[in-house]
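All remarks here apply to the structure that follows.
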Amino acid sequence: MKKIIIIAALFIVTLIGAYSLSEYIARQLYPQNTGARMQLGSPFNLTAHTGEAITEQAFQGTPSAVFFGFTHCPEVCPTTLNDLTNLRDEVTAGKKTFNIFFITVDPARDTVAALRDYIPYFGDGITGITGEEEAVYALARAWGIFWEKNNITESGYNIDHTATVFLLDDKGYFKGTIDYHESRDIALKKLERLTAIR
Amino acid sequence: MDRKAGFLFLSALYITFFGLPAASLAAENICHQQGLEIRQAEIRATPPNAPVTGGYLHIHNHGTSMQRLTAASADFSGHTEIHQMILEAGVMKMSPLKDGIEIAAGGHIQLKPGGLHIMFMQLKQPLAPSDMHQATLTFDKCGDVPVLFKVTKTPGQSDSAGHSTGHTHQH
């Protein structure tokens, strides 16, 4: 009987040890993706619509809704920015809020000068992000964003692009998405959950 | 002021106040006879530095033959196309419809955010909420139909409140 207890105890200790070791190794190998926490994108050095420098530190301290778009976008971009500010006003009624980030996929046309007037049109608490073309594209790639110029005419071009809104918690970890066709109720619930995380 | 001048003045007044609306009504009536009804025409207000925007509306075809919207144009836009948008694997894809949009006999289509729309490009002026702007829709059988669009910040919203509201097509 005593033997069985010792064997069982050894077995449990070994299990705990193995689990701890694997967790330790995982954390060493993937420091950003421990447990259920996942970080999207990559570190960056770009410019906000205000002209100030901006880095991934902007996603720290307050939850974020991150959207990729461009100013010459006739529909999905203005719709998404309007929806997000309206939803935020509703969520903010409970005093907790989130920041909105609009990262351009059209750095050639979306200069700081172009974003400076465009972004505040949709309300406060929105930060436009642009910069050197390659640096902007590198960030979009790191987020797994698809974009492609189409309908190219003498009057310009359109860009097909990923229209998903990414939600990050106040530590910058990925918490979920909002799809373009998602109902307002579901989007509101997701944002309420996002802002409730502490 | 002699009588002739007075008559001319009154005529001018009459044409100014009644003539123009009557002219656009007449154009619409031609199509009305063919059973075409256009409702809730809206254009999205333009954010600063955005020289493109979308136009949305309902087209009812109460007639007995198919109608096709083939083109659109407007004084405030240098180039106008009829577009469709499709969300594919999270990617919003937009493309011009070269054959236009069919409205089946007895049918109805809605151009709305996220789907079919009239794409106004090379805008010559910003479009502000509550402004009214005229555009011309061209149908294969009806020809040119002037339509008055109301500029709104969030088009298509009145629709969710029911079809009884937001009848913006007025003359």
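Naming scheme: A, B, ... for chains in displayed order of the structure tokens; residues 1 onward per chain; ligands 1 onward as shown.
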
Exercise. Which of region 81-147 of chain B counts as strand (DSSP E) under DSSP, as a PyMOL selection string please?
Worked result: chain B and resi 81-88+91-96+101-103+108-111+117-123+132-139+143-147

Contact table chain B vs chain A, cut-off 8 Å, shortest pair per residue, only C-alpha atoms, as CSV:
```
residue,atom,partner,partner_atom,distance
B:Pro47,CA,A:Tyr118,CA,5.8
B:Pro48,CA,A:Tyr118,CA,4.9
B:Asn49,CA,A:Ala114,CA,6.0
B:Ala50,CA,A:His72,CA,5.2
B:Pro51,CA,A:His72,CA,6.5
B:Val52,CA,A:Pro74,CA,5.5
B:Thr53,CA,A:Pro74,CA,4.6
B:Gly54,CA,A:Pro74,CA,5.9
B:His79,CA,A:Ser155,CA,7.9
B:Gly90,CA,A:Thr162,CA,5.4
B:Val91,CA,A:Thr162,CA,4.0
B:Met92,CA,A:Asp160,CA,5.6
B:Lys93,CA,A:Asp160,CA,4.9
B:Met94,CA,A:Asp160,CA,6.6
B:Ser95,CA,A:Asn151,CA,6.8
B:Pro96,CA,A:Asn151,CA,7.7
B:Pro113,CA,A:Glu75,CA,6.7
B:Gly114,CA,A:Val76,CA,7.0
B:Met119,CA,A:Pro74,CA,7.6
B:Met121,CA,A:Ser155,CA,7.7
B:Gln122,CA,A:Ser155,CA,6.7
B:Thr154,CA,A:Thr79,CA,7.2
```

Restricting the output to N, CA, C and O atoms, write the selected residues as a CSV table (one decimal), in the first residue's frame.
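What landed in result.csv:
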```
chain,number,residue,atom,x,y,z
B,47,PRO,N,-15.5,62.6,-46.1
B,47,PRO,CA,-14.5,63.1,-45.2
B,47,PRO,C,-13.5,63.9,-45.9
B,47,PRO,O,-13.4,63.8,-47.1
B,48,PRO,N,-12.8,64.8,-45.2
B,48,PRO,CA,-11.8,65.6,-45.8
B,48,PRO,C,-10.8,64.8,-46.6
B,48,PRO,O,-10.4,63.7,-46.1
B,49,ASN,N,-10.3,65.2,-47.7
B,49,ASN,CA,-9.3,64.5,-48.5
B,49,ASN,C,-9.8,63.2,-49.1
B,49,ASN,O,-9.0,62.4,-49.5
B,50,ALA,N,-11.1,62.9,-49.1
B,50,ALA,CA,-11.6,61.7,-49.8
B,50,ALA,C,-12.3,62.1,-51.0
B,50,ALA,O,-13.5,62.6,-50.9
B,51,PRO,N,-11.7,62.0,-52.2
B,51,PRO,CA,-12.3,62.4,-53.4
B,51,PRO,C,-13.3,61.4,-54.1
B,51,PRO,O,-13.5,61.5,-55.3
B,52,VAL,N,-13.7,60.4,-53.3
B,52,VAL,CA,-14.6,59.4,-53.8
B,52,VAL,C,-15.7,59.2,-52.8
B,52,VAL,O,-15.5,59.4,-51.6
B,53,THR,N,-16.9,58.7,-53.3
B,53,THR,CA,-18.0,58.4,-52.4
B,53,THR,C,-19.0,57.5,-53.1
B,53,THR,O,-18.9,57.3,-54.3
B,54,GLY,N,-19.9,57.0,-52.3
B,54,GLY,CA,-20.9,56.0,-52.8
B,54,GLY,C,-22.3,56.6,-52.8
B,54,GLY,O,-22.6,57.4,-51.9
B,79,HIS,N,-16.0,61.3,-62.8
B,79,HIS,CA,-16.1,60.0,-63.3
B,79,HIS,C,-17.0,59.1,-62.4
B,79,HIS,O,-16.8,59.1,-61.2
B,90,GLY,N,-12.8,37.8,-45.6
B,90,GLY,CA,-12.4,39.0,-44.8
B,90,GLY,C,-11.9,40.2,-45.6
B,90,GLY,O,-11.7,41.2,-45.1
B,91,VAL,N,-11.8,40.0,-46.9
B,91,VAL,CA,-11.3,41.0,-47.8
B,91,VAL,C,-12.4,41.6,-48.6
B,91,VAL,O,-13.2,40.9,-49.2
B,92,MET,N,-12.5,43.0,-48.5
B,92,MET,CA,-13.6,43.7,-49.2
B,92,MET,C,-13.1,43.9,-50.7
B,92,MET,O,-12.1,44.6,-50.9
B,93,LYS,N,-13.8,43.3,-51.6
B,93,LYS,CA,-13.3,43.4,-53.0
B,93,LYS,C,-14.4,44.3,-53.8
B,93,LYS,O,-15.6,44.0,-53.7
B,94,MET,N,-13.9,45.2,-54.5
B,94,MET,CA,-14.8,46.1,-55.3
B,94,MET,C,-14.5,46.0,-56.8
B,94,MET,O,-13.4,46.0,-57.1
B,95,SER,N,-15.6,46.0,-57.6
B,95,SER,CA,-15.3,45.9,-59.0
B,95,SER,C,-16.5,46.6,-59.8
B,95,SER,O,-17.6,46.6,-59.3
B,96,PRO,N,-16.1,47.3,-60.9
B,96,PRO,CA,-17.2,47.9,-61.7
B,96,PRO,C,-18.0,46.8,-62.4
B,96,PRO,O,-17.5,45.8,-62.8
B,113,PRO,N,-24.8,50.1,-48.7
B,113,PRO,CA,-23.4,50.0,-48.2
B,113,PRO,C,-23.1,48.5,-48.0
B,113,PRO,O,-23.8,47.7,-47.5
B,114,GLY,N,-21.9,48.1,-48.6
B,114,GLY,CA,-21.5,46.7,-48.5
B,114,GLY,C,-21.9,45.9,-49.7
B,114,GLY,O,-21.5,44.7,-49.7
B,119,MET,N,-20.5,54.6,-57.7
B,119,MET,CA,-19.3,55.1,-57.2
B,119,MET,C,-19.0,56.4,-57.9
B,119,MET,O,-18.8,56.5,-59.1
B,121,MET,N,-16.5,59.3,-58.5
B,121,MET,CA,-15.0,59.5,-58.3
B,121,MET,C,-14.7,60.9,-58.8
B,121,MET,O,-15.5,61.6,-59.4
B,122,GLN,N,-13.4,61.3,-58.6
B,122,GLN,CA,-13.0,62.7,-59.0
B,122,GLN,C,-14.0,63.7,-58.6
B,122,GLN,O,-14.4,64.6,-59.4
B,154,THR,N,-24.1,58.6,-42.7
B,154,THR,CA,-24.2,57.2,-42.6
B,154,THR,C,-25.4,56.7,-43.5
B,154,THR,O,-26.5,56.4,-42.9
```

Problem set entry | Nearby residues (only C-alpha atoms) at most 6 Å from region 146-153 of chain B, same-chain spacing under 3 positions excluded, as a list of chain:residue names |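 Listing them by chain and then by number gives B:Ala41, B:Glu42, B:Ile43, B:Arg44, B:Ala45, B:Pro129, B:Ser130, B:Asp131, B:Met132, B:His133, B:Gln134, B:Ala135, B:Thr136.
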
Exercise. What gap, in Å, lies between CA of His108 (chain B) and CA of Glu37 (chain B)?
Worked result: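 Here the two named atoms are 9.2 Å from each other.
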
For this session: Give the alpha helix (DSSP H) residues of region 39-159 of chain A, as DSSP finds them on the backbone, and put them as a count of residues only.
Result: 34

Residue contacts of Asn45 (chain A) (7 Å, only C-alpha atoms) excluding same-chain residues fewer than 6 positions away, as a PDB file with N, CA and C atoms, in the first residue's frame:
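Listed below is the output, selection_13.pdb:
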```
ATOM      1  N   ALA A  53       5.684  60.754 -33.858  1.00  0.00           N
ATOM      2  CA  ALA A  53       6.157  59.377 -34.027  1.00  0.00           C
ATOM      3  C   ALA A  53       5.252  58.440 -33.237  1.00  0.00           C
ATOM      4  N   ILE A  54       5.058  57.227 -33.749  1.00  0.00           N
ATOM      5  CA  ILE A  54       4.213  56.254 -33.048  1.00  0.00           C
ATOM      6  C   ILE A  54       4.850  54.873 -33.171  1.00  0.00           C
ATOM      7  N   THR A  55       4.776  54.102 -32.091  1.00  0.00           N
ATOM      8  CA  THR A  55       5.297  52.730 -32.081  1.00  0.00           C
ATOM      9  C   THR A  55       4.219  51.798 -31.532  1.00  0.00           C
TER      10      THR A  55
END
```

Exercise. Given the choices B:Pro155, B:Glu102, B:Ile38, B:Met85, which gets closest to Arg68 (chain B) if the distance is worked out from only C-alpha atoms?
Worked result: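 When distances to Arg68 (chain B) are compared using only C-alpha atoms, the smallest one comes from B:Glu102.
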
Problem set entry | Straight-line distance linking CA of Ile129 (chain A) with CA of Thr92 (chain A), stated in Å to one decimal |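 Computing the Euclidean distance for CA of Ile129 (chain A) and CA of Thr92 (chain A) yields 23.3 Å.
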
For this session: State, in Å with one decimal place, the distance from CA of Gly176 (chain A) to CA of Gly128 (chain A).
Result: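 Distance reported for this atom pair: 20.8 Å.
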
For this session: Tell me which of B:His32, B:Gln125, B:Gly55, B:His60 sits closest to Gly107 (chain B), counting only C-alpha atoms.
Result: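 Nearest candidate to Gly107 (chain B) out of B:His32, B:Gln125, B:Gly55, B:His60: B:His60.
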